[in-house]
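Listing of start33.csv, CSV, N, CA and C atoms
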```csv
chain,number,residue,atom,x,y,z
E,14,MET,N,-14.3,-19.8,13.3
E,14,MET,CA,-13.6,-18.5,13.1
E,14,MET,C,-14.6,-17.4,13.2
E,15,ARG,N,-14.2,-16.4,13.9
E,15,ARG,CA,-15.1,-15.2,14.1
E,15,ARG,C,-15.3,-14.5,12.8
E,16,HIS,N,-16.4,-13.8,12.8
E,16,HIS,CA,-16.8,-13.0,11.6
E,16,HIS,C,-15.8,-11.9,11.3
E,17,ARG,N,-15.2,-11.3,12.3
E,17,ARG,CA,-14.2,-10.2,12.0
E,17,ARG,C,-13.0,-10.8,11.4
E,18,GLU,N,-12.6,-12.0,11.8
E,18,GLU,CA,-11.4,-12.6,11.3
E,18,GLU,C,-11.6,-13.0,9.8
E,19,LEU,N,-12.8,-13.4,9.5
E,19,LEU,CA,-13.1,-13.7,8.1
E,19,LEU,C,-13.0,-12.4,7.2
E,20,ILE,N,-13.5,-11.3,7.7
E,20,ILE,CA,-13.4,-10.1,7.0
E,20,ILE,C,-12.0,-9.6,6.9
E,21,ARG,N,-11.2,-9.8,8.0
E,21,ARG,CA,-9.8,-9.4,8.0
E,21,ARG,C,-9.1,-10.3,7.0
E,22,GLY,N,-9.4,-11.5,6.9
E,22,GLY,CA,-8.7,-12.4,6.0
E,22,GLY,C,-9.0,-12.1,4.5
E,23,ALA,N,-10.3,-11.7,4.3
E,23,ALA,CA,-10.7,-11.2,2.9
E,23,ALA,C,-9.9,-10.0,2.5
E,24,PHE,N,-9.8,-9.0,3.4
E,24,PHE,CA,-9.1,-7.8,3.2
E,24,PHE,C,-7.6,-8.1,3.0
E,25,ARG,N,-7.1,-9.0,3.8
E,25,ARG,CA,-5.7,-9.4,3.7
E,25,ARG,C,-5.4,-9.9,2.3
E,26,ILE,N,-6.3,-10.8,1.8
E,26,ILE,CA,-6.1,-11.3,0.4
E,26,ILE,C,-6.2,-10.2,-0.6
E,27,LEU,N,-7.2,-9.3,-0.5
E,27,LEU,CA,-7.4,-8.2,-1.4
E,27,LEU,C,-6.2,-7.3,-1.4
E,28,LEU,N,-5.7,-6.9,-0.3
E,28,LEU,CA,-4.6,-6.0,-0.1
E,28,LEU,C,-3.3,-6.7,-0.7
E,29,ALA,N,-3.1,-8.0,-0.4
E,29,ALA,CA,-2.0,-8.7,-1.0
E,29,ALA,C,-2.0,-8.8,-2.5
E,30,ALA,N,-3.2,-9.0,-3.0
E,30,ALA,CA,-3.3,-9.1,-4.5
E,30,ALA,C,-3.0,-7.7,-5.1
E,31,LEU,N,-3.5,-6.6,-4.5
E,31,LEU,CA,-3.3,-5.3,-5.0
E,31,LEU,C,-1.8,-5.0,-5.0
E,32,TYR,N,-1.1,-5.3,-3.8
E,32,TYR,CA,0.3,-5.0,-3.7
E,32,TYR,C,1.1,-5.9,-4.6
E,33,ALA,N,0.7,-7.1,-4.8
E,33,ALA,CA,1.5,-8.0,-5.7
E,33,ALA,C,1.4,-7.5,-7.1
E,34,TYR,N,0.2,-7.1,-7.5
E,34,TYR,CA,0.1,-6.5,-8.9
E,34,TYR,C,0.9,-5.2,-9.0
E,35,ALA,N,0.8,-4.3,-8.0
E,35,ALA,CA,1.5,-3.1,-8.1
E,35,ALA,C,3.0,-3.4,-8.1
E,36,GLY,N,3.5,-4.3,-7.4
E,36,GLY,CA,4.9,-4.7,-7.4
E,36,GLY,C,5.3,-5.2,-8.8
E,37,TYR,N,4.5,-6.0,-9.4
E,37,TYR,CA,4.8,-6.5,-10.7
E,37,TYR,C,4.9,-5.3,-11.7
E,38,ALA,N,3.9,-4.4,-11.6
E,38,ALA,CA,3.8,-3.2,-12.5
E,38,ALA,C,5.1,-2.4,-12.3
E,39,HIS,N,5.6,-2.2,-11.1
E,39,HIS,CA,6.8,-1.4,-10.8
E,39,HIS,C,8.0,-2.0,-11.6
E,40,ILE,N,8.0,-3.3,-11.6
E,40,ILE,CA,9.2,-4.0,-12.2
E,40,ILE,C,9.0,-4.0,-13.7
E,41,ALA,N,7.8,-4.4,-14.2
E,41,ALA,CA,7.6,-4.7,-15.6
E,41,ALA,C,7.4,-3.4,-16.4
E,42,GLN,N,6.8,-2.3,-15.8
E,42,GLN,CA,6.5,-1.1,-16.5
E,42,GLN,C,6.9,0.1,-15.6
E,43,PRO,N,8.2,0.4,-15.4
E,43,PRO,CA,8.5,1.4,-14.4
E,43,PRO,C,8.3,2.8,-14.9
E,44,GLU,N,8.1,3.0,-16.2
E,44,GLU,CA,8.0,4.4,-16.7
E,44,GLU,C,7.0,5.3,-16.1
E,45,PRO,N,5.8,4.8,-15.9
E,45,PRO,CA,4.8,5.7,-15.2
E,45,PRO,C,5.2,6.1,-13.8
E,46,PHE,N,5.9,5.2,-13.1
E,46,PHE,CA,6.3,5.5,-11.7
E,46,PHE,C,7.5,6.4,-11.7
E,47,LEU,N,8.4,6.3,-12.7
E,47,LEU,CA,9.5,7.2,-12.9
E,47,LEU,C,9.0,8.6,-13.2
E,48,ALA,N,7.9,8.7,-13.9
E,48,ALA,CA,7.4,10.0,-14.3
E,48,ALA,C,6.9,10.8,-13.1
E,49,ILE,N,6.4,10.1,-12.1
E,49,ILE,CA,5.9,10.8,-10.9
E,49,ILE,C,6.8,10.9,-9.7
E,50,THR,N,8.0,10.3,-9.9
E,50,THR,CA,9.0,10.3,-8.8
E,50,THR,C,9.6,11.7,-8.6
E,51,PRO,N,9.6,12.2,-7.4
E,51,PRO,CA,10.2,13.5,-7.2
E,51,PRO,C,11.6,13.6,-7.7
E,52,ASP,N,12.1,14.7,-8.1
E,52,ASP,CA,13.5,14.9,-8.6
E,52,ASP,C,14.5,14.6,-7.6
E,53,TRP,N,14.2,14.8,-6.3
E,53,TRP,CA,15.1,14.7,-5.2
E,53,TRP,C,15.4,13.2,-4.8
E,54,VAL,N,14.7,12.3,-5.4
E,54,VAL,CA,14.9,10.9,-5.1
E,54,VAL,C,16.1,10.4,-5.9
E,55,PRO,N,17.1,9.9,-5.2
E,55,PRO,CA,18.3,9.5,-5.9
E,55,PRO,C,18.1,8.1,-6.6
E,56,ALA,N,18.8,7.8,-7.7
E,56,ALA,CA,18.7,6.5,-8.3
E,56,ALA,C,17.3,6.0,-8.5
E,57,ALA,N,16.5,6.9,-9.1
E,57,ALA,CA,15.0,6.6,-9.2
E,57,ALA,C,14.7,5.3,-9.8
E,58,GLU,N,15.4,4.9,-10.8
E,58,GLU,CA,15.1,3.6,-11.4
E,58,GLU,C,15.3,2.4,-10.5
E,59,SER,N,16.4,2.5,-9.7
E,59,SER,CA,16.6,1.5,-8.7
E,59,SER,C,15.6,1.5,-7.6
E,60,VAL,N,15.2,2.7,-7.2
E,60,VAL,CA,14.2,2.9,-6.1
E,60,VAL,C,12.9,2.3,-6.6
E,61,ILE,N,12.5,2.5,-7.9
E,61,ILE,CA,11.2,2.0,-8.4
E,61,ILE,C,11.3,0.4,-8.4
E,62,TYR,N,12.4,-0.1,-8.9
E,62,TYR,CA,12.6,-1.6,-8.9
E,62,TYR,C,12.4,-2.2,-7.5
E,63,TRP,N,13.1,-1.6,-6.6
E,63,TRP,CA,13.1,-2.2,-5.2
E,63,TRP,C,11.8,-1.9,-4.5
E,64,THR,N,11.1,-0.9,-4.9
E,64,THR,CA,9.8,-0.7,-4.3
E,64,THR,C,8.8,-1.8,-4.8
E,65,GLY,N,9.0,-2.2,-6.1
E,65,GLY,CA,8.2,-3.3,-6.6
E,65,GLY,C,8.5,-4.6,-5.9
E,66,ILE,N,9.8,-4.8,-5.6
E,66,ILE,CA,10.2,-6.0,-4.8
E,66,ILE,C,9.6,-6.0,-3.4
E,67,ALA,N,9.6,-4.8,-2.8
E,67,ALA,CA,9.1,-4.6,-1.4
E,67,ALA,C,7.6,-4.9,-1.4
E,68,GLU,N,6.9,-4.5,-2.5
E,68,GLU,CA,5.4,-4.7,-2.5
E,68,GLU,C,5.1,-6.2,-2.7
E,69,ILE,N,5.9,-6.9,-3.5
E,69,ILE,CA,5.7,-8.3,-3.7
E,69,ILE,C,6.0,-9.1,-2.4
E,70,VAL,N,7.1,-8.8,-1.8
E,70,VAL,CA,7.5,-9.4,-0.5
E,70,VAL,C,6.5,-9.2,0.6
E,71,GLY,N,6.0,-7.9,0.6
E,71,GLY,CA,5.0,-7.6,1.6
E,71,GLY,C,3.7,-8.4,1.4
E,72,ALA,N,3.3,-8.5,0.1
E,72,ALA,CA,2.1,-9.3,-0.2
E,72,ALA,C,2.3,-10.8,0.2
E,73,ILE,N,3.4,-11.3,-0.1
E,73,ILE,CA,3.7,-12.7,0.3
E,73,ILE,C,3.6,-12.9,1.8
E,74,GLY,N,4.2,-11.9,2.5
E,74,GLY,CA,4.2,-11.9,4.0
E,74,GLY,C,2.8,-11.9,4.6
E,75,LEU,N,1.9,-11.0,3.9
E,75,LEU,CA,0.6,-10.9,4.4
E,75,LEU,C,-0.2,-12.2,4.3
E,76,LEU,N,0.1,-13.0,3.2
E,76,LEU,CA,-0.6,-14.2,2.9
E,76,LEU,C,-0.2,-15.4,3.7
E,77,GLN,N,1.0,-15.5,4.2
E,77,GLN,CA,1.5,-16.7,4.8
E,77,GLN,C,0.7,-17.0,6.1
E,78,PRO,N,0.2,-18.3,6.2
E,78,PRO,CA,-0.7,-18.6,7.3
E,78,PRO,C,-0.1,-19.1,8.6
E,79,PHE,N,1.2,-19.4,8.6
E,79,PHE,CA,1.7,-20.1,9.8
E,79,PHE,C,2.5,-19.3,10.8
E,80,TRP,N,2.9,-18.1,10.4
E,80,TRP,CA,3.7,-17.3,11.3
E,80,TRP,C,3.1,-15.9,11.5
E,81,PRO,N,2.3,-15.7,12.5
E,81,PRO,CA,1.6,-14.4,12.6
E,81,PRO,C,2.6,-13.2,12.7
E,82,GLN,N,3.8,-13.4,13.3
E,82,GLN,CA,4.7,-12.3,13.5
E,82,GLN,C,5.2,-11.9,12.1
E,83,LEU,N,5.4,-12.8,11.1
E,83,LEU,CA,5.8,-12.4,9.8
E,83,LEU,C,4.6,-11.6,9.1
E,84,ARG,N,3.4,-12.0,9.4
E,84,ARG,CA,2.2,-11.3,8.8
E,84,ARG,C,2.2,-9.9,9.4
E,85,LYS,N,2.5,-9.7,10.7
E,85,LYS,CA,2.5,-8.4,11.3
E,85,LYS,C,3.7,-7.6,10.7
E,86,ALA,N,4.8,-8.2,10.6
E,86,ALA,CA,6.0,-7.5,10.0
E,86,ALA,C,5.6,-7.0,8.6
E,87,ALA,N,4.9,-7.8,7.8
E,87,ALA,CA,4.5,-7.4,6.4
E,87,ALA,C,3.6,-6.3,6.5
E,88,GLY,N,2.6,-6.3,7.4
E,88,GLY,CA,1.7,-5.2,7.6
E,88,GLY,C,2.4,-3.9,8.0
E,89,ILE,N,3.3,-4.0,8.9
E,89,ILE,CA,4.1,-2.8,9.2
E,89,ILE,C,4.9,-2.3,8.1
E,90,GLY,N,5.6,-3.2,7.4
E,90,GLY,CA,6.4,-2.9,6.2
E,90,GLY,C,5.6,-2.2,5.1
E,91,LEU,N,4.4,-2.7,4.8
E,91,LEU,CA,3.5,-2.1,3.8
E,91,LEU,C,3.0,-0.8,4.2
E,92,ALA,N,2.7,-0.6,5.5
E,92,ALA,CA,2.3,0.7,6.0
E,92,ALA,C,3.4,1.7,5.9
E,93,ILE,N,4.6,1.3,6.2
E,93,ILE,CA,5.8,2.2,6.1
E,93,ILE,C,6.0,2.6,4.6
E,94,TYR,N,5.9,1.5,3.8
E,94,TYR,CA,6.0,1.7,2.3
E,94,TYR,C,5.0,2.8,1.8
E,95,ALA,N,3.7,2.7,2.3
E,95,ALA,CA,2.7,3.6,1.8
E,95,ALA,C,3.0,5.0,2.3
E,96,VAL,N,3.6,5.2,3.4
E,96,VAL,CA,4.0,6.5,3.9
E,96,VAL,C,5.1,7.0,3.0
E,97,CYS,N,6.1,6.1,2.7
E,97,CYS,CA,7.3,6.6,1.9
E,97,CYS,C,6.9,6.9,0.5
E,98,VAL,N,5.9,6.3,-0.1
E,98,VAL,CA,5.6,6.7,-1.5
E,98,VAL,C,4.6,7.8,-1.6
E,99,TRP,N,4.1,8.3,-0.5
E,99,TRP,CA,3.1,9.4,-0.5
E,99,TRP,C,3.7,10.6,-1.2
E,100,PRO,N,5.0,11.0,-1.0
E,100,PRO,CA,5.5,12.1,-1.7
E,100,PRO,C,5.4,12.0,-3.2
E,101,ALA,N,5.6,10.8,-3.8
E,101,ALA,CA,5.4,10.6,-5.2
E,101,ALA,C,4.0,10.8,-5.6
E,102,ASN,N,3.0,10.4,-4.8
E,102,ASN,CA,1.6,10.7,-5.1
E,102,ASN,C,1.3,12.2,-5.0
E,103,MET,N,1.9,12.8,-4.1
E,103,MET,CA,1.7,14.3,-4.0
E,103,MET,C,2.3,15.0,-5.2
E,104,ASN,N,3.5,14.5,-5.5
E,104,ASN,CA,4.2,15.1,-6.7
E,104,ASN,C,3.4,14.9,-8.0
E,105,HIS,N,2.8,13.7,-8.1
E,105,HIS,CA,1.9,13.4,-9.3
E,105,HIS,C,0.7,14.4,-9.3
E,106,PHE,N,0.1,14.6,-8.1
E,106,PHE,CA,-1.0,15.5,-8.0
E,106,PHE,C,-0.6,16.9,-8.4
E,107,ALA,N,0.5,17.4,-7.9
E,107,ALA,CA,1.0,18.8,-8.3
E,107,ALA,C,1.3,18.9,-9.8
E,108,MET,N,2.1,17.9,-10.3
E,108,MET,CA,2.4,18.0,-11.7
E,108,MET,C,1.2,17.9,-12.6
E,109,ASP,N,0.3,16.9,-12.3
E,109,ASP,CA,-0.8,16.7,-13.1
E,109,ASP,C,-1.8,17.9,-13.1
E,110,MET,N,-2.0,18.5,-11.9
E,110,MET,CA,-2.9,19.6,-11.9
E,110,MET,C,-2.3,20.9,-12.5
E,111,ALA,N,-1.0,21.0,-12.6
E,111,ALA,CA,-0.3,22.1,-13.2
E,111,ALA,C,-0.2,21.9,-14.8
E,112,SER,N,-0.6,20.8,-15.3
E,112,SER,CA,-0.5,20.6,-16.7
E,112,SER,C,-1.6,21.4,-17.4
E,113,ALA,N,-1.4,21.7,-18.6
E,113,ALA,CA,-2.3,22.6,-19.4
E,113,ALA,C,-3.8,22.1,-19.4
E,114,ASP,N,-3.9,20.7,-19.5
E,114,ASP,CA,-5.2,20.1,-19.6
E,114,ASP,C,-5.8,19.8,-18.2
E,115,GLY,N,-5.0,20.0,-17.1
E,115,GLY,CA,-5.5,19.7,-15.8
E,115,GLY,C,-5.3,18.2,-15.4
E,116,GLY,N,-4.7,17.4,-16.3
E,116,GLY,CA,-4.4,16.0,-16.1
E,116,GLY,C,-5.7,15.2,-15.7
E,117,LEU,N,-5.5,14.4,-14.8
E,117,LEU,CA,-6.6,13.5,-14.4
E,117,LEU,C,-7.7,14.2,-13.5
E,118,GLY,N,-7.3,15.4,-13.0
E,118,GLY,CA,-8.3,16.2,-12.3
E,118,GLY,C,-8.4,15.8,-10.8
E,119,LEU,N,-9.2,16.7,-10.1
E,119,LEU,CA,-9.4,16.5,-8.7
E,119,LEU,C,-10.2,15.3,-8.4
E,120,GLY,N,-11.0,14.9,-9.3
E,120,GLY,CA,-11.8,13.6,-9.0
E,120,GLY,C,-11.0,12.4,-8.9
E,121,TYR,N,-9.8,12.4,-9.5
E,121,TYR,CA,-8.8,11.3,-9.3
E,121,TYR,C,-7.9,11.5,-8.1
E,122,HIS,N,-7.3,12.7,-8.0
E,122,HIS,CA,-6.3,13.0,-7.1
E,122,HIS,C,-6.8,13.1,-5.6
E,123,VAL,N,-7.9,13.7,-5.4
E,123,VAL,CA,-8.4,13.9,-4.0
E,123,VAL,C,-8.7,12.5,-3.4
E,124,PRO,N,-9.5,11.7,-4.1
E,124,PRO,CA,-9.7,10.3,-3.5
E,124,PRO,C,-8.4,9.6,-3.3
E,125,ARG,N,-7.5,9.7,-4.2
E,125,ARG,CA,-6.2,9.0,-4.0
E,125,ARG,C,-5.5,9.5,-2.8
E,126,MET,N,-5.5,10.8,-2.5
E,126,MET,CA,-4.9,11.3,-1.3
E,126,MET,C,-5.6,10.9,0.0
E,127,ILE,N,-6.9,10.8,-0.1
E,127,ILE,CA,-7.7,10.3,1.0
E,127,ILE,C,-7.4,8.8,1.2
E,128,ALA,N,-7.3,8.1,0.2
E,128,ALA,CA,-7.0,6.6,0.3
E,128,ALA,C,-5.7,6.3,0.9
E,129,GLN,N,-4.7,7.1,0.8
E,129,GLN,CA,-3.4,6.8,1.3
E,129,GLN,C,-3.4,6.4,2.8
E,130,PRO,N,-4.0,7.3,3.7
E,130,PRO,CA,-4.0,6.9,5.1
E,130,PRO,C,-4.9,5.6,5.4
E,131,ILE,N,-5.9,5.4,4.5
E,131,ILE,CA,-6.7,4.2,4.7
E,131,ILE,C,-5.9,3.0,4.3
E,132,LEU,N,-5.1,3.1,3.3
E,132,LEU,CA,-4.2,2.0,2.9
E,132,LEU,C,-3.2,1.7,4.0
E,133,ILE,N,-2.7,2.8,4.7
E,133,ILE,CA,-1.7,2.6,5.8
E,133,ILE,C,-2.4,1.8,6.9
E,134,TRP,N,-3.6,2.3,7.3
E,134,TRP,CA,-4.4,1.6,8.3
E,134,TRP,C,-4.7,0.2,7.9
E,135,LEU,N,-5.1,0.0,6.7
E,135,LEU,CA,-5.5,-1.3,6.2
E,135,LEU,C,-4.4,-2.3,6.3
E,136,ALA,N,-3.2,-1.9,5.9
E,136,ALA,CA,-2.0,-2.8,6.0
E,136,ALA,C,-1.8,-3.2,7.5
E,137,LEU,N,-1.9,-2.3,8.4
E,137,LEU,CA,-1.7,-2.6,9.8
E,137,LEU,C,-2.8,-3.5,10.4
E,138,TRP,N,-4.1,-3.2,10.0
E,138,TRP,CA,-5.2,-4.0,10.4
E,138,TRP,C,-5.2,-5.4,9.8
E,139,ALA,N,-5.0,-5.5,8.5
E,139,ALA,CA,-4.9,-6.8,7.8
E,139,ALA,C,-3.8,-7.6,8.3
E,140,GLY,N,-2.7,-7.0,8.7
E,140,GLY,CA,-1.5,-7.7,9.2
E,140,GLY,C,-1.6,-8.1,10.6
E,141,GLY,N,-2.7,-7.7,11.3
E,141,GLY,CA,-2.9,-8.0,12.7
E,141,GLY,C,-2.2,-7.2,13.7
E,142,VAL,N,-1.7,-6.0,13.2
E,142,VAL,CA,-0.9,-5.1,14.1
E,142,VAL,C,-1.8,-4.3,15.0
E,143,THR,N,-3.0,-3.9,14.5
E,143,THR,CA,-3.9,-3.1,15.3
E,143,THR,C,-5.3,-3.7,15.2
E,144,GLU,N,-6.1,-3.4,16.2
E,144,GLU,CA,-7.5,-3.7,16.2
E,144,GLU,C,-8.4,-2.5,16.0
E,145,TRP,N,-7.7,-1.3,16.1
E,145,TRP,CA,-8.4,-0.1,16.0
E,145,TRP,C,-9.2,0.1,14.7
E,146,PRO,N,-10.4,0.5,14.6
E,146,PRO,CA,-11.2,1.1,15.7
E,146,PRO,C,-12.1,0.0,16.3
E,147,PHE,N,-11.9,-1.2,16.0
E,147,PHE,CA,-12.7,-2.3,16.5
E,147,PHE,C,-12.3,-2.7,17.9
E,148,ARG,N,-13.3,-3.1,18.7
E,148,ARG,CA,-13.1,-3.5,20.1
E,148,ARG,C,-12.9,-5.1,20.1
E,149,ARG,N,-12.0,-5.5,20.9
E,149,ARG,CA,-12.0,-7.0,21.2
E,149,ARG,C,-13.0,-7.3,22.2
E,150,ARG,N,-13.6,-8.5,22.1
E,150,ARG,CA,-14.6,-8.9,23.1
E,150,ARG,C,-14.0,-10.0,23.9
```
Could I get this structure in the form of structure tokens?
Amino acid sequence: MRHRELIRGAFRILLAALYAYAGYAHIAQPEPFLAITPDWVPAAESVIYWTGIAEIVGAIGLLQPFWPQLRKAAGIGLAIYAVCVWPANMNHFAMDMASADGGLGLGYHVPRMIAQPILIWLALWAGGVTEWPFRRR
């Protein structure tokens, strides 16, 4: 197995573990997620529950070893998911910074905003959807 595929496999496992845990957290403790969900999201409790399910299903899809197309679909699904939850992260940033104590501060929120596109790319790369920015030999 090539070195790059070992690294991709390690990131696939890491990303799957993070999404599986986040999915569990969405289902088991939805309150923090409800608190940052924008007001315009309908049926927020259901949305939070189903986003948890989506994270868990995506994590399982990334880990399955026998069907690369399912792994790619999971990568695409998790990338789309990360785009769709970005408004909640931005809402959390705005609400938190507007609080009297400044909330978690820029040291938390700015890296989180920077991490979002990286998570989108990582889901696509770990799922085998893209090779960018790496060249195939």
Against segment 19-37 of chain E, which residues of segment 76-103 of chain E fall within 12 Å? For each one I want the closest pair of atoms and the distance in Å (one decimal), counting only C-alpha atoms, rows by chain and increasing residue number, as JSON lines.
```
{"residue": "E:Leu76", "atom": "CA", "partner": "E:Ile26", "partner_atom": "CA", "distance": 6.7}
{"residue": "E:Gln77", "atom": "CA", "partner": "E:Ile26", "partner_atom": "CA", "distance": 10.3}
{"residue": "E:Pro78", "atom": "CA", "partner": "E:Gly22", "partner_atom": "CA", "distance": 10.2}
{"residue": "E:Arg84", "atom": "CA", "partner": "E:Arg25", "partner_atom": "CA", "distance": 9.6}
{"residue": "E:Lys85", "atom": "CA", "partner": "E:Arg25", "partner_atom": "CA", "distance": 11.2}
{"residue": "E:Ala87", "atom": "CA", "partner": "E:Ala29", "partner_atom": "CA", "distance": 9.9}
{"residue": "E:Gly88", "atom": "CA", "partner": "E:Arg25", "partner_atom": "CA", "distance": 9.4}
{"residue": "E:Gly90", "atom": "CA", "partner": "E:Tyr32", "partner_atom": "CA", "distance": 11.8}
{"residue": "E:Leu91", "atom": "CA", "partner": "E:Tyr32", "partner_atom": "CA", "distance": 8.7}
{"residue": "E:Ala92", "atom": "CA", "partner": "E:Leu28", "partner_atom": "CA", "distance": 11.4}
{"residue": "E:Tyr94", "atom": "CA", "partner": "E:Tyr32", "partner_atom": "CA", "distance": 10.6}
{"residue": "E:Ala95", "atom": "CA", "partner": "E:Tyr32", "partner_atom": "CA", "distance": 10.5}
```
Just write the chosen residues, N, CA and C atoms, as an mmCIF file, in the coordinates of the input.
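Contents of selection_4.cif, as written:
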```cif
data_model
loop_
_atom_site.group_PDB
_atom_site.id
_atom_site.type_symbol
_atom_site.label_atom_id
_atom_site.label_comp_id
_atom_site.auth_asym_id
_atom_site.auth_seq_id
_atom_site.Cartn_x
_atom_site.Cartn_y
_atom_site.Cartn_z
ATOM 1 N N LEU E 76 0.100 -13.000 3.200
ATOM 2 C CA LEU E 76 -0.600 -14.200 2.900
ATOM 3 C C LEU E 76 -0.200 -15.400 3.700
ATOM 4 N N GLN E 77 1.000 -15.500 4.200
ATOM 5 C CA GLN E 77 1.500 -16.700 4.800
ATOM 6 C C GLN E 77 0.700 -17.000 6.100
ATOM 7 N N PRO E 78 0.200 -18.300 6.200
ATOM 8 C CA PRO E 78 -0.700 -18.600 7.300
ATOM 9 C C PRO E 78 -0.100 -19.100 8.600
ATOM 10 N N ARG E 84 3.400 -12.000 9.400
ATOM 11 C CA ARG E 84 2.200 -11.300 8.800
ATOM 12 C C ARG E 84 2.200 -9.900 9.400
ATOM 13 N N LYS E 85 2.500 -9.700 10.700
ATOM 14 C CA LYS E 85 2.500 -8.400 11.300
ATOM 15 C C LYS E 85 3.700 -7.600 10.700
ATOM 16 N N ALA E 87 4.900 -7.800 7.800
ATOM 17 C CA ALA E 87 4.500 -7.400 6.400
ATOM 18 C C ALA E 87 3.600 -6.300 6.500
ATOM 19 N N GLY E 88 2.600 -6.300 7.400
ATOM 20 C CA GLY E 88 1.700 -5.200 7.600
ATOM 21 C C GLY E 88 2.400 -3.900 8.000
ATOM 22 N N GLY E 90 5.600 -3.200 7.400
ATOM 23 C CA GLY E 90 6.400 -2.900 6.200
ATOM 24 C C GLY E 90 5.600 -2.200 5.100
ATOM 25 N N LEU E 91 4.400 -2.700 4.800
ATOM 26 C CA LEU E 91 3.500 -2.100 3.800
ATOM 27 C C LEU E 91 3.000 -0.800 4.200
ATOM 28 N N ALA E 92 2.700 -0.600 5.500
ATOM 29 C CA ALA E 92 2.300 0.700 6.000
ATOM 30 C C ALA E 92 3.400 1.700 5.900
ATOM 31 N N TYR E 94 5.900 1.500 3.800
ATOM 32 C CA TYR E 94 6.000 1.700 2.300
ATOM 33 C C TYR E 94 5.000 2.800 1.800
ATOM 34 N N ALA E 95 3.700 2.700 2.300
ATOM 35 C CA ALA E 95 2.700 3.600 1.800
ATOM 36 C C ALA E 95 3.000 5.000 2.300
#
```
Would you kindly identify which residues have an atom no farther than 8 Å from (12.7, 1.5, -11.3), using all atoms listed in the file and the file's own coordinates, and write them out as a short mmCIF file (atom, residue, chain, number, x, y, z; two decimals) with N, CA and C atoms, keeping the file's coordinate frame?
```cif
data_model
loop_
_atom_site.label_atom_id
_atom_site.label_comp_id
_atom_site.auth_asym_id
_atom_site.auth_seq_id
_atom_site.Cartn_x
_atom_site.Cartn_y
_atom_site.Cartn_z
N HIS E 39 5.60 -2.20 -11.10
CA HIS E 39 6.80 -1.40 -10.80
C HIS E 39 8.00 -2.00 -11.60
N ILE E 40 8.00 -3.30 -11.60
CA ILE E 40 9.20 -4.00 -12.20
C ILE E 40 9.00 -4.00 -13.70
N GLN E 42 6.80 -2.30 -15.80
CA GLN E 42 6.50 -1.10 -16.50
C GLN E 42 6.90 0.10 -15.60
N PRO E 43 8.20 0.40 -15.40
CA PRO E 43 8.50 1.40 -14.40
C PRO E 43 8.30 2.80 -14.90
N GLU E 44 8.10 3.00 -16.20
CA GLU E 44 8.00 4.40 -16.70
C GLU E 44 7.00 5.30 -16.10
N PHE E 46 5.90 5.20 -13.10
CA PHE E 46 6.30 5.50 -11.70
C PHE E 46 7.50 6.40 -11.70
N LEU E 47 8.40 6.30 -12.70
CA LEU E 47 9.50 7.20 -12.90
C LEU E 47 9.00 8.60 -13.20
N ALA E 56 18.80 7.80 -7.70
CA ALA E 56 18.70 6.50 -8.30
C ALA E 56 17.30 6.00 -8.50
N ALA E 57 16.50 6.90 -9.10
CA ALA E 57 15.00 6.60 -9.20
C ALA E 57 14.70 5.30 -9.80
N GLU E 58 15.40 4.90 -10.80
CA GLU E 58 15.10 3.60 -11.40
C GLU E 58 15.30 2.40 -10.50
N SER E 59 16.40 2.50 -9.70
CA SER E 59 16.60 1.50 -8.70
C SER E 59 15.60 1.50 -7.60
N VAL E 60 15.20 2.70 -7.20
CA VAL E 60 14.20 2.90 -6.10
C VAL E 60 12.90 2.30 -6.60
N ILE E 61 12.50 2.50 -7.90
CA ILE E 61 11.20 2.00 -8.40
C ILE E 61 11.30 0.40 -8.40
N TYR E 62 12.40 -0.10 -8.90
CA TYR E 62 12.60 -1.60 -8.90
C TYR E 62 12.40 -2.20 -7.50
N TRP E 63 13.10 -1.60 -6.60
CA TRP E 63 13.10 -2.20 -5.20
C TRP E 63 11.80 -1.90 -4.50
N THR E 64 11.10 -0.90 -4.90
CA THR E 64 9.80 -0.70 -4.30
C THR E 64 8.80 -1.80 -4.80
N GLY E 65 9.00 -2.20 -6.10
CA GLY E 65 8.20 -3.30 -6.60
C GLY E 65 8.50 -4.60 -5.90
#
```
Per-residue DSSP, chain E, filtered to alpha helix (DSSP H), as an MDAnalysis selection string: chainID E and resid 16:41 44:49 57:76 81:111 119:139
Atom-to-atom span, atom CA of Pro124 of chain E and atom CA of Asn102 of chain E, Å: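 For atom CA of Pro124 of chain E relative to atom CA of Asn102 of chain E, the distance reads 11.4 Å.
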Pairwise distance for atom CA of Arg148 of chain E and atom C of Arg17 of chain E, rounded to one decimal in Å: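 Interatomic distance here is 11.4 Å.
Minimum atom-to-atom distance to Phe106 of chain E, evaluated using all atoms listed in the file, belongs to E:Gly118 out of E:Pro130, E:Pro55, E:Gly141, E:Gly118.
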Nearest to Ile73 of chain E by atom-to-atom distance, counting only C-alpha atoms, from E:Val54, E:Val98, E:Ala86, E:Ile49: E:Ala86
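Taking atom N of Arg125 of chain E as the reference point, atom N of Trp53 of chain E is found at 22.4 Å.
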Padding 5 Å on every side, please: axis-aligned box over the listed atoms of segment 86-103 of chain E, centre and edge lengths to one decimal in Å, as AutoDock Vina command-line options.
```
--center_x 4.3 --center_y 3.4 --center_z 2.5 --size_x 16.0 --size_y 33.2 --size_z 26.2
```
